[in-house]
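*Asks:* Okay, handing you the structure first.
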Amino acid sequence: MCFVNETDYGTPAVRSDKTVTLTIDGREITAPEGTSIMRAAREAGIVVPKLCASDMVKAFGSCRLCLVEIEGRGGTPASCTTPVADGLNVSTQTDRLQSIRRGVMELYMSDHPEDCPACAAGDCEMTAMAETVGLKEIRYGREGANHIWPAHDGGANPLFMEQDVSNPYFAYDASQCIVCSLCVRACEEQQGTFALTVEGRGFESRISAGMHEPFLESECVSCGACVQACPTGALREKSVIEMGMPDRSVVTTCAYCGVGCSFKAEMQGEEVVRMVPYKGGKANRGHSCVKGRFAYGYTTHKDRILNPMVREKITDPWREVTWEEAYAHVANEFRRIQYQYGKGAVGGITSSRCTNEETYLVQKLVRQGFGNNNVDTCARVCHSPTGYGLKTTFGTSAGTQDFDSIEHADVVMVIGANPTDAHPVFASRMKKRLREGAKLIVVDPRRIDLVRMPHVEASHHLPLRPGTNVAVLTALAHVIVSEGLMNETFIRERCDWDEFQDWASFVLQPENSPEAVETVSGVPAETIRAAARLYATGGNAAIYYGLGVTEHSQGSTTVMAIANLAMATGNIGRPGVGVNPLRGQNNVQGSCDMGSFPHELPGYRHISEEATRAIYESLWGVKLDDEPGLRINNMLDAAVEGSFKALYIQGEDILQSDPNTKHVAAGLEAMECVVVHDLFLNETANYAHVFLPGSTFLEKDGTFTNAERRINLVRKVMEPKCGYADWEVTQEIARAIGKDWNYQHPSEIMAEIAATTPSFSGVTYDLLEREGSVQWPCNEKAPTGTPVMHMDGFVRGKGKFIRTAYLATDEKSGPRFPLLLTTGRILSQYNVGAQTRRTDNVMWHGEDLLEIHPFDAENRGIRSGDWVKLASRSGETSLRAKITDRVAPGVVYTTFHHPDTQANVVTTEYADWATGCPEYKVTAVQVSPSNGPTEWQREYEEHSRRSRRVVQVEAAE
Amino acid sequence: MSHDPGFKSGEEKLIYMANQIADTFQAMQPHDAVNETADHINKFWEPRMRRHLFEIIERGGQGLKPLVLEAAPKVKRPREEAGV
């Protein structure tokens with residue numbers, strides 16, 4: 001496989017309509033106005049030496065290696081900071097320049113270790129650059145003052161700094177550093193964290209994290225941009241220090257959040273040496289976060305189960321079996337159960353972590369193989385309201401923009417999302433735009449980092465009481481309509497005018513006024529008014545939202561309230577605006593697209609549509625059930641009632657991720673055959689009868705679809721450790737129940753998807769190879785995909801305004817449970833933590849903590865670090881407290897990354913009215929001091945330990 | 001409930017869900033709430049859930065909001081063999 005070496009053009013690309021023409025080294029070159037001479041030269045194939053420049057950050061002009069001569073101008077300007085101009089005549093290689101460059105390099109090398117290990121490994125540009133400029137000797141020697149040696153002249157060298165190895169993933173060795181400041185600029189410009197600085201002056205200058213702190217203790221978020229930018233060996237991945245440089249590289253897609261970053265998996269044989277974000281990736285443009293770049297250790301973790309296992313009862317130890325035995329067991333059990341309890345007694349769950357192709361096959365197995373529609377996916381518990389809400393108002397279940405759109409936004413409204421933790425790479429792009437002057441409105445019960453962080457400050461923060469989204473959004477609409485701030489032309493052209501008028505009369509009702517809403521939401525009326533005015537009149541206004549919108553009793557209603565705001569102000573159908581759901585998992589969008597919901601076939605077509613069923617019936621050779629199937633929560637209800645007995649779960653841990661753990665456990669316990677197909681013995685596997693080993697994203701081919709509808713290729717970089725990719729396993733199950741499936745490669749599955757789904761009809765692996773990625777719809781009307789939707793009209797025809805009356809959730813605080821619990825994520829961990837807990841990311845977040853306001857803590861005698869009991873109507877758990885004013889009085893917050901915390905023992909079964917998406921974001925709770933784990937936690941730990949016993953059988957394979 | 005399992009029974013939940021849908025459409029599409037409620041249940045409820053709903057209604061529909069009862073005649077009767 002080829003080594004993907006991306007060209008570094010030295011300075012960022014410039015967008016300009018005007019081009020200029022100049023001469024460089026005798027060649028006539030045309031470039032957009034504003035481009036640096038360095039970049040224009042590189043684009044034409046002329047390489048100017050450099051150390052401190054990179055096309056990921058703005059030019060700085062400090063290393064003085066890229067000097068050029070320009071006819072008619074004095075001196076030797078730096079080509080990175082000098083823009084092109086018409087008629088310039090530039091020379092990049094003259095004796096004078098070479099001599100200056102040699103002098104500069106000589107000085108650098110006099111303070112660079114002679115035996116630099118990074119140079120030897122090819123991971124430091126110093127030696128190579130010295131050769132490029134023809135440096136032969138260092139006249140000054142290394143004897144004088146230097147940063148290289150720990151001891152000097154018989155005493156400790158005060159200029160020497162010990163290596164900083166505090167970060168688990170990279171090391172900082174100041175002795176190799178040339179203080180070019182690329183790392184500082186990458187931290188500022190790319191990541192937007194401002195954790196690094198140059199301390200001291202002149203020869204004493206040093207790169208320093210925070211206030212001269214170890215990296216791990218500073219505000220560094222470990223995104224790795226500095227490591228990637230560093231031209232020397234000063235900042236290096238520990239994996240590269242240990243293993244040496246990679247020998248091959250494959251472009252693939254990250255399997256963490258819904259941003260869907262492109263990475264180069266840099267390999268030595270079958271081993272990953274490092275993950276480097278791919279500049280050609282249109283979602284991330286060369287940036288990454290700590291999870292994607294560094295937290296891949298789980299893929300080779302010793303906890304991975306590599307052989308299939310079976311057991312009769314969930315109290316038995318596991319018994320390793322051959323794949324054939326496992327398939328036969330699953331087929332026999334599912335057949336028996338369907339015979340005994342009826343066709344509808346079995347079902348399947350697709351995974352938002354698996355590929356589109358794998359998801360498609362699981363729903364096909366259920367519909368074609370099992371003969372029912374009992375298939376659901378983890379999107380049920382996160383973005384199902386997005387599907388319902390956007391389909392109703394706009395006509396399709398997806399975000400309207402691409403991520404590049406943020407570069408054109410003037411006002412950004414973030415609702416119920418915490419991008420700097422949950423979607424960090426997109427957050428960095430958002431912060432960049434905010435630093436350029438775009439305004440920010442944050443609607444969130446917590447003071448998330450975006451509200452105020454270095455060089456970013458929200459114009460308005462609406463710290464609403466959990467559960468009052470609809471009230472606040474409708475109040476924003478009230479202000480927009482009552483003050484005449486709507487875009488009437490847009491509404492008349494693009495929406496149904498009568499429906500708009502009905503909606504307008506509804507939002508104008510007095511109960512929707514900011515003053516009335518202040519009493520339920522706690523947000524001052526004036527703040528609501530100011531935010532509404534800014535959103536409606538501030539230019540291009542874009543809404544980004546997350547699970548704080550969807551995971552409520554009124555989740556679907558909130559999504560429609562968001563759509564109403566965008567339509568009323570005309571913020572739809574062009575770059576810089578739109579309604580953008582930030583998806584939780586890598587392939588939530590894709591798993592929904594692929595027909596994972598029990599009521600619809602791929603491409604969001606309802607199961608009752610005869611013409612759609614006919615397409616699949618003729619292809620699959622079966623009669624499809626025309627009735628919607630059971631959703632996850634209904635499957636569990638039916639299991640408790642005795643009519644649902646077997647479930648095939650691919651890559652989802654419903655016991656940990658779904659609400660009300662006790663109910664999930666009761667449902668699973670009532671089943672006779674639970675098949676878990678996963679990397680690890682996850683929490684759900686404690687209730688399983690069959691375990692099928694899964695494969696990681698590094699072990700298979702396929703596609704993921706990210707939050708911007710972008711279909712990215714996932715490429716196999718190593719053989720599956722268990723022998724089979726997940727799609728092959730599902731195929732074997734289908735064959736074992738008598739279906740004649742013969743896919744040789746995932747591209748053939750995509751061909752079937754394209755042939756049967758109009759919005760995917762143009763998608764092929766060839767196209768994806770050629771374009772890098774495409775955004776659906778991709779068909780004859782849009783052969784290379786659709787970056788921005790609803791450009792010339794809504795997918796459904798006219799945009800539909802919906803009345804969004806606020807109905808308070810029935811989960812209310814009261815004397816027994818006076819506080820409201822809301823839940824979320826943290827940067828270093830991911831969802832149930834199955835992956836990130838098995839990496840060094842636990843150094844940042846070793847346990848879930850309960851955030852509580854000082855006032856509420858004081859009342860209860862709770863100090864930071866104390867064990868506290870968290871109790872709700874559903875159950876209780878215990879964890880440690882963290883006192884902070886990020887949460888308002890009356891609100892507490894925790895994450896759900898650790899199974900021993902079991903935050904979902906506490907969450908209730910209240911759910912979105914339309915989709916059943918659980919109300920994770922509001923639970924009435926009480927918090928009290930505690931001595932340690934609750935009885936449930938202790939019992940569960942014991943159950944967990946017992947159910948993970950494995951009896952090894954010889955010759956299992 | 002003598003023994004509190006920490007979650008609602010299937011029946012309680014079904015009643016709650018039906019009422020929640022009706023309440024929402026009452027507020028959202030007051031002119032057409034009956035049809036919208038029935039349509040939503042037809043689109044998203046699996047046959048055994050609808051069958052269960054009809055059983056509750058036939059027993060007197062205790063706990064169900066009037067709008068659910070009004071919408072019931074428009075809810076599709078599940079076929080006998082569908083589901084379980």
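Chain labels A, B, ... are given in the sequence in which chains occur in the structure tokens; within each chain residues are numbered consecutively from 1, and ligands are likewise numbered from 1 in the order shown.
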Starting from chain A, keep only residues with some atom at most 6 Å from an atom of chain B, counting only C-alpha atoms, and report them as a PDB file with C-alpha atoms, in the first residue's frame.
*Replies:*
```pdb
ATOM      1  CA  GLY A 342     -44.266 -16.591  16.841  1.00  0.00           C
ATOM      2  CA  GLY A 344     -42.394 -11.496  15.995  1.00  0.00           C
ATOM      3  CA  PRO A 628     -43.832  -1.274  11.875  1.00  0.00           C
ATOM      4  CA  GLY A 629     -41.715  -3.362  14.225  1.00  0.00           C
ATOM      5  CA  LEU A 630     -40.781  -2.879  17.870  1.00  0.00           C
ATOM      6  CA  ASP A 637     -41.410  -4.285  27.428  1.00  0.00           C
ATOM      7  CA  ARG A 803     -47.076  24.823  16.560  1.00  0.00           C
ATOM      8  CA  THR A 804     -44.740  23.932  19.380  1.00  0.00           C
ATOM      9  CA  ALA A 805     -46.649  24.199  22.631  1.00  0.00           C
ATOM     10  CA  SER A 874     -35.921   4.690  39.421  1.00  0.00           C
ATOM     11  CA  TRP A 913     -43.589  11.580  22.746  1.00  0.00           C
TER      12      TRP A 913
END
```
*Asks:* Skip A:Leu196 itself and residues of its chain fewer than 2 positions away, then list as a ChimeraX atom specification all residues within 8 Å of it, counting only C-alpha atoms.
*Replies:* /A:183-184,187,194,198,207-210,220
*Asks:* What residues in stretch 55-282 of chain A get the DSSP label alpha helix (DSSP H)? Please answer as a ChimeraX atom specification.
*Replies:* /A:95-110,117-121,126-132,182-185,225-229,238-243
*Asks:* Would you please extract all strand (DSSP E) residues from stretch 533-650 of chain A, as assigned by DSSP on the backbone, and give them as a PyMOL selection string?
*Replies:* chain A and resi 541-545+578-581+600-601+605-606+646-650
*Asks:* If we count only C-alpha atoms and set the cut-off at 7 Å, which residues sit around A:Val676, ignoring sequence neighbours fewer than 6 positions away in its own chain? Please answer as a PyMOL selection string.
*Replies:* chain A and resi 648-650+685+688+690-692
*Asks:* Using all heavy atoms, can you export the residues from the last selection as a PDB file, in the first residue's frame?
*Replies:*
```pdb
ATOM      1  N   TYR A 648     -30.536 -10.135  18.491  1.00  0.00           N
ATOM      2  CA  TYR A 648     -29.155 -10.078  17.979  1.00  0.00           C
ATOM      3  C   TYR A 648     -28.697  -8.629  18.076  1.00  0.00           C
ATOM      4  O   TYR A 648     -29.251  -7.759  17.424  1.00  0.00           O
ATOM      5  CB  TYR A 648     -29.145 -10.573  16.530  1.00  0.00           C
ATOM      6  CG  TYR A 648     -27.851 -10.324  15.759  1.00  0.00           C
ATOM      7  CD1 TYR A 648     -26.601 -10.526  16.337  1.00  0.00           C
ATOM      8  CD2 TYR A 648     -27.900  -9.918  14.427  1.00  0.00           C
ATOM      9  CE1 TYR A 648     -25.432 -10.303  15.617  1.00  0.00           C
ATOM     10  CE2 TYR A 648     -26.738  -9.706  13.695  1.00  0.00           C
ATOM     11  CZ  TYR A 648     -25.508  -9.895  14.293  1.00  0.00           C
ATOM     12  OH  TYR A 648     -24.354  -9.668  13.574  1.00  0.00           O
ATOM     13  N   ILE A 649     -27.712  -8.361  18.927  1.00  0.00           N
ATOM     14  CA  ILE A 649     -27.261  -6.987  19.165  1.00  0.00           C
ATOM     15  C   ILE A 649     -25.861  -6.813  18.608  1.00  0.00           C
ATOM     16  O   ILE A 649     -24.900  -7.401  19.102  1.00  0.00           O
ATOM     17  CB  ILE A 649     -27.230  -6.660  20.670  1.00  0.00           C
ATOM     18  CG1 ILE A 649     -28.572  -6.977  21.322  1.00  0.00           C
ATOM     19  CG2 ILE A 649     -26.855  -5.192  20.882  1.00  0.00           C
ATOM     20  CD1 ILE A 649     -28.537  -6.912  22.842  1.00  0.00           C
ATOM     21  N   GLN A 650     -25.740  -5.981  17.586  1.00  0.00           N
ATOM     22  CA  GLN A 650     -24.424  -5.726  17.014  1.00  0.00           C
ATOM     23  C   GLN A 650     -23.879  -4.407  17.555  1.00  0.00           C
ATOM     24  O   GLN A 650     -24.483  -3.362  17.362  1.00  0.00           O
ATOM     25  CB  GLN A 650     -24.509  -5.656  15.481  1.00  0.00           C
ATOM     26  CG  GLN A 650     -23.152  -5.473  14.824  1.00  0.00           C
ATOM     27  CD  GLN A 650     -23.220  -5.589  13.310  1.00  0.00           C
ATOM     28  OE1 GLN A 650     -23.680  -4.686  12.632  1.00  0.00           O
ATOM     29  NE2 GLN A 650     -22.767  -6.705  12.777  1.00  0.00           N
ATOM     30  N   ALA A 685     -23.472  -8.060  27.639  1.00  0.00           N
ATOM     31  CA  ALA A 685     -23.049  -9.460  27.513  1.00  0.00           C
ATOM     32  C   ALA A 685     -23.225 -10.230  28.818  1.00  0.00           C
ATOM     33  O   ALA A 685     -23.274 -11.459  28.810  1.00  0.00           O
ATOM     34  CB  ALA A 685     -21.592  -9.530  27.053  1.00  0.00           C
ATOM     35  N   ALA A 688     -26.108 -12.221  28.112  1.00  0.00           N
ATOM     36  CA  ALA A 688     -26.156 -12.853  26.785  1.00  0.00           C
ATOM     37  C   ALA A 688     -25.932 -14.354  26.871  1.00  0.00           C
ATOM     38  O   ALA A 688     -25.330 -14.865  27.811  1.00  0.00           O
ATOM     39  CB  ALA A 688     -25.106 -12.223  25.881  1.00  0.00           C
ATOM     40  N   VAL A 690     -25.035 -15.916  23.698  1.00  0.00           N
ATOM     41  CA  VAL A 690     -24.046 -16.146  22.650  1.00  0.00           C
ATOM     42  C   VAL A 690     -23.210 -14.879  22.522  1.00  0.00           C
ATOM     43  O   VAL A 690     -23.746 -13.771  22.535  1.00  0.00           O
ATOM     44  CB  VAL A 690     -24.721 -16.443  21.287  1.00  0.00           C
ATOM     45  CG1 VAL A 690     -23.664 -16.650  20.200  1.00  0.00           C
ATOM     46  CG2 VAL A 690     -25.639 -17.648  21.388  1.00  0.00           C
ATOM     47  N   PHE A 691     -21.904 -15.054  22.448  1.00  0.00           N
ATOM     48  CA  PHE A 691     -21.030 -13.906  22.190  1.00  0.00           C
ATOM     49  C   PHE A 691     -20.279 -14.128  20.893  1.00  0.00           C
ATOM     50  O   PHE A 691     -19.602 -15.142  20.715  1.00  0.00           O
ATOM     51  CB  PHE A 691     -20.036 -13.699  23.343  1.00  0.00           C
ATOM     52  CG  PHE A 691     -19.206 -12.455  23.153  1.00  0.00           C
ATOM     53  CD1 PHE A 691     -19.656 -11.237  23.653  1.00  0.00           C
ATOM     54  CD2 PHE A 691     -18.018 -12.490  22.441  1.00  0.00           C
ATOM     55  CE1 PHE A 691     -18.914 -10.081  23.450  1.00  0.00           C
ATOM     56  CE2 PHE A 691     -17.281 -11.333  22.228  1.00  0.00           C
ATOM     57  CZ  PHE A 691     -17.723 -10.126  22.741  1.00  0.00           C
ATOM     58  N   LEU A 692     -20.424 -13.170  19.980  1.00  0.00           N
ATOM     59  CA  LEU A 692     -19.695 -13.238  18.714  1.00  0.00           C
ATOM     60  C   LEU A 692     -18.673 -12.114  18.696  1.00  0.00           C
ATOM     61  O   LEU A 692     -19.026 -10.947  18.866  1.00  0.00           O
ATOM     62  CB  LEU A 692     -20.668 -13.077  17.539  1.00  0.00           C
ATOM     63  CG  LEU A 692     -21.800 -14.102  17.457  1.00  0.00           C
ATOM     64  CD1 LEU A 692     -22.792 -13.712  16.365  1.00  0.00           C
ATOM     65  CD2 LEU A 692     -21.244 -15.501  17.194  1.00  0.00           C
TER      66      LEU A 692
END
```
*Asks:* So which residues touch A:Asp153 within 10 Å, counting only C-alpha atoms, skipping near sequence neighbours fewer than 6 positions away, as a ChimeraX atom specification?
*Replies:* /A:143-145
*Asks:* Mind dumping the selected residues with N, CA and C atoms as a compact mmCIF listing (two decimals), in the first residue's frame?
*Replies:*
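File written: out.txt
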```
# COMPACT_ATOMS: atom_id res chain seq x y z
N GLU A 143 29.93 23.88 22.52
CA GLU A 143 30.52 23.96 23.85
C GLU A 143 29.95 25.08 24.72
N GLY A 144 29.60 26.19 24.08
CA GLY A 144 29.16 27.35 24.88
C GLY A 144 27.83 27.10 25.54
N ALA A 145 27.16 28.20 25.90
CA ALA A 145 25.83 28.08 26.51
C ALA A 145 24.94 27.27 25.57
```
